[in-house]
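Undergrad: Structure below; questions to follow.
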Amino acid sequence: MIKEYIDQNKDRFLNELFDLLRIPSISADKDYAEQVNKTANFVKEKLMEAGAEKVEVCATAGYPIVYGEKIIDPKLPTVLVYGHYDVQPAVPLELWDTPPFEPTIRTTEVHPKGAIFARGSCDDKGQMYMHVKAFELMIKSNTLPCNVKFMIEGEEEVGSTNLGPFCINNKEKLKADVVLISDTSMIALDTPSIDTGLRGLSYVEVEVTGPNRDLHSGVYGGAVANPINILAKMIASLHDENNHITIPGFYDEVLELTNQERTELNLAPFNIEDFKKDLNIDDVWGENGFTVLEKTGIRPTLDCNGIWGGYTGEGAKTVLPSKAFAKISMRLVPNQASHKITELFKNHFESIAPAGVKVVVKPHHGGEPVVTPTDSVAYLAAAKAMETTFGKKPIPTRGGGSIPIVALFERELGLKSVLMGFGLDSDALHSPNEHYGLENYYKGIETIPYFFKYFAEMSK
Ligand code: BES
Ligand code: MN
Ligand code: MN
């Protein structure tokens, strides 16, 4: 029944996703504002066509939130589906084999049956659109077993700044029993998994100023602090010889897992040789005493995301620059608090600045870490749904990425989330040549109606 409907509508499901992927909804770049808004309207149209009611494009101080619902009986449970229609910037464009906003299908080693190459194909347009199509399927086949609400935002990739206030101001409208999200990865097509936690985030930009102007590096060099040299040294000092982060107090609130929890986490299939081969690195790196799964799942990190200053054009220019900059992200784990970590960073970074330079630390958006329950009705329903369509019980895993709004759903709406993602870590999210497996797309559309079915049944 479910499979038949998907088979009969396969091409249309794909063409519609292609249309969605063709709109460059880059939320970080103001030049694309019109396109981002256009994408919101596209999602609205498609929700309406699929059979949702009260569909609206809700204006915010930033990009709009698309809302829609289908209430079949107020006494039945309600699933709130969250996703995002914005995407990361596509630069550097020259590293894409085909243009980021002209979706094409190619096969890869991991996706022998083909993958859709386009920015947002996996994160999150492809995964979000599976929910719209699964909803259409349930409406058209008269099998929607409970209520559903959609909340699709356009600012996830820039910190979801306006979604928090939207939730706080619309608590009644958003009343539900659980949030269902497909915006994470699973281990592999033959090894389904469900994320049971996400890391939080502190993000800062730092500026180091030396002399009041760029100087001749011969005339002044050696006697005046070079902000790039200083910044590089300051950043390097943030990890010690065991790759521990040196900011005082950074680990104070980190929730240490019990040995049993760590053992369980490491039961998830993970092949370090494949991992290294995929990234073409000859060794992994990181905090001594932890496995790769622990390093990305339950341990906090600090990474420089970008660094610039001085002369980077062609040829040589002998200059001692006035300023140097860097963007730094810290991934957080329970029970670290993002504002507190940002504060610790700022105090420490300013304190290690040597005489001769001035340092300014500018905080960006942040987000709190979350863990989601594995004994809730919704988790068990998701696990059973995946077991039905993949033929294997999904493995609970910890995701290393962040979806800051998930902690807010819990705090402000009192709602737990289920992170039923269908992407793969190797799908190049945020990178050139992002892709999403055709099989993953259709499997997702097939699995979601089972989630609704089991969730409604098990809620009784
Ligand atoms: N969908 C990702 C998060 C993700 C990806 C979680 C894979 C787990 C596995 C999301 O769109 C994202 O990229 N989040 C940002 C945070 C945001 C504040 C920019 C991130 O993790 O960098
Ligand atoms: Mn995402
Ligand atoms: Mn993302």
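Labels for the structure tokens follow display order: chains A, B, ..., residues from 1 in each chain, ligands from 1.
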Please return as a PyMOL selection string: the residues of segment 125-316 of chain A that backbone DSSP assigns to helix (DSSP H, G or I).

TA: chain A and resi 125-140+156-158+163-169+227-236+259-265+272-279+292-297

Undergrad: Which residues are near ligand 3 - at most 12 Å, using only C-alpha atoms and all ligand atoms? Format: as a PyMOL selection string.

TA: chain A and resi 26-28+83-90+119-125+127+154-160+182-185+400-404+423+425+427-431+434

Undergrad: Please report, as a tab-separated table, each residue of segment 201-255 of chain A lying at most 10 Å from segment 316-327 of chain A, together with the nearest pair of atoms and the separation in Å rounded to one decimal; use only C-alpha atoms, and order rows by chain and ascending residue number.

TA:
residue	atom	partner	partner_atom	distance
A:Tyr203	CA	A:Lys327	CA	7.5
A:Val204	CA	A:Lys327	CA	5.9
A:Glu205	CA	A:Lys327	CA	4.4
A:Val206	CA	A:Ala326	CA	5.3
A:Glu207	CA	A:Phe325	CA	4.6
A:Val208	CA	A:Ala324	CA	5.2
A:Thr209	CA	A:Lys323	CA	4.5
A:Gly210	CA	A:Ser322	CA	5.2
A:Pro211	CA	A:Ser322	CA	5.1
A:Asn212	CA	A:Ser322	CA	6.0
A:Arg213	CA	A:Ser322	CA	5.0
A:Asp214	CA	A:Pro321	CA	4.5
A:Leu215	CA	A:Leu320	CA	4.9
A:His216	CA	A:Val319	CA	5.1
A:Ser217	CA	A:Leu320	CA	4.7
A:Gly218	CA	A:Thr318	CA	7.4
A:Val219	CA	A:Leu320	CA	9.6
A:Tyr220	CA	A:Leu320	CA	7.8
A:Gly221	CA	A:Leu320	CA	6.8
A:Gly222	CA	A:Leu320	CA	9.8
A:Val224	CA	A:Leu320	CA	8.5
A:Ala225	CA	A:Leu320	CA	8.7
A:Asn226	CA	A:Leu320	CA	6.2
A:Pro227	CA	A:Ala324	CA	5.5
A:Ile228	CA	A:Ala324	CA	5.2
A:Asn229	CA	A:Ala324	CA	8.8
A:Ile230	CA	A:Ala324	CA	8.8
A:Leu231	CA	A:Ala324	CA	6.9
A:Ala232	CA	A:Ala324	CA	9.3
A:Ile235	CA	A:Ala326	CA	9.0

Undergrad: Looking at only C-alpha atoms and all ligand atoms, which of A:Val179, A:Val357, A:Leu255, A:Leu201 is the one that sits closest to ligand 1?

TA: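 Among the listed residues, the smallest separation from ligand 1 belongs to A:Leu201.
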
Undergrad: Measure the distance from atom CA of Tyr454 of chain A to atom CA of Leu76 of chain A in Å and round it to one decimal.

TA: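 For atom CA of Tyr454 of chain A relative to atom CA of Leu76 of chain A, the distance reads 13.1 Å.
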
Undergrad: Just checking: using only C-alpha atoms, which residue out of A:Ala355, A:Met386, A:Ile405, A:Ala118 ends up closest to Asp97 of chain A?

TA: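 Of all the options, A:Ala118 lies closest to Asp97 of chain A.
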
Undergrad: What does the structure give for the distance between atom CA of Thr258 of chain A and atom CA of Asn242 of chain A, in Å to one decimal?

TA: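 If I compute the distance from atom CA of Thr258 of chain A to atom CA of Asn242 of chain A, I get 21.5 Å.
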
Undergrad: Report the closest atom pair, with its distance in Å rounded to one decimal, for each residue of segment 137-227 of chain A that has an atom no farther than 8 Å from segment 367-381 of chain A; count only C-alpha atoms, sort by chain and then rising residue number, and write it as JSON lines.

TA:
{"residue": "A:Gly159", "atom": "CA", "partner": "A:Gly367", "partner_atom": "CA", "distance": 7.8}
{"residue": "A:Val178", "atom": "CA", "partner": "A:Ala378", "partner_atom": "CA", "distance": 7.0}
{"residue": "A:Thr196", "atom": "CA", "partner": "A:Thr372", "partner_atom": "CA", "distance": 4.9}
{"residue": "A:Gly197", "atom": "CA", "partner": "A:Val371", "partner_atom": "CA", "distance": 4.0}
{"residue": "A:Leu198", "atom": "CA", "partner": "A:Val370", "partner_atom": "CA", "distance": 5.4}
{"residue": "A:Arg199", "atom": "CA", "partner": "A:Pro369", "partner_atom": "CA", "distance": 4.4}
{"residue": "A:Gly200", "atom": "CA", "partner": "A:Pro369", "partner_atom": "CA", "distance": 3.8}
{"residue": "A:Leu201", "atom": "CA", "partner": "A:Gly367", "partner_atom": "CA", "distance": 4.9}
{"residue": "A:Ser202", "atom": "CA", "partner": "A:Gly367", "partner_atom": "CA", "distance": 6.8}

Undergrad: Write out as a list in words the residues lying within 10 Å of Ala61 of chain A, counting only C-alpha atoms and excluding same-chain residues fewer than 5 positions away.

TA: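 The filter keeps Thr161, Asn162, Leu163, Pro165 and Phe166 of chain A.
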
Undergrad: For all heavy atoms, I'd like the residues from the last selection saved as a compact mmCIF listing (two decimals), in the first residue's frame.

TA:
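What follows is the written file again00.txt:
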# COMPACT_ATOMS: atom_id res chain seq x y z
N THR A 161 17.43 32.25 15.10
CA THR A 161 17.20 33.38 16.00
C THR A 161 15.74 33.71 16.23
O THR A 161 15.37 34.11 17.33
CB THR A 161 17.86 34.66 15.43
OG1 THR A 161 18.76 34.27 14.40
CG2 THR A 161 18.58 35.42 16.50
N ASN A 162 14.92 33.59 15.19
CA ASN A 162 13.53 34.03 15.34
C ASN A 162 12.55 32.90 15.63
O ASN A 162 11.36 33.14 15.81
CB ASN A 162 13.11 34.81 14.09
CG ASN A 162 13.88 36.11 13.98
OD1 ASN A 162 13.72 37.01 14.80
ND2 ASN A 162 14.79 36.19 13.00
N LEU A 163 13.05 31.68 15.65
CA LEU A 163 12.16 30.55 15.92
C LEU A 163 11.83 30.46 17.41
O LEU A 163 10.71 30.09 17.79
CB LEU A 163 12.77 29.24 15.43
CG LEU A 163 11.84 28.03 15.49
CD1 LEU A 163 10.63 28.23 14.60
CD2 LEU A 163 12.58 26.77 15.07
N PRO A 165 11.42 33.00 19.73
CA PRO A 165 10.28 33.88 20.02
C PRO A 165 8.98 33.37 19.40
O PRO A 165 7.92 33.45 20.02
CB PRO A 165 10.69 35.21 19.39
CG PRO A 165 12.18 35.17 19.32
CD PRO A 165 12.57 33.73 19.22
N PHE A 166 9.05 32.81 18.19
CA PHE A 166 7.85 32.27 17.53
C PHE A 166 7.23 31.17 18.39
O PHE A 166 6.01 31.13 18.59
CB PHE A 166 8.20 31.74 16.14
CG PHE A 166 7.03 31.16 15.39
CD1 PHE A 166 6.14 32.00 14.71
CD2 PHE A 166 6.80 29.79 15.36
CE1 PHE A 166 5.07 31.48 14.00
CE2 PHE A 166 5.72 29.25 14.67
CZ PHE A 166 4.85 30.10 13.99

Undergrad: With distances taken over only C-alpha atoms, which of A:Val292, A:Ala33, A:Val359, A:Leu415 is nearest to Ile272 of chain A?

TA: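 Using only C-alpha atoms, the shortest distance to Ile272 of chain A belongs to A:Val292.
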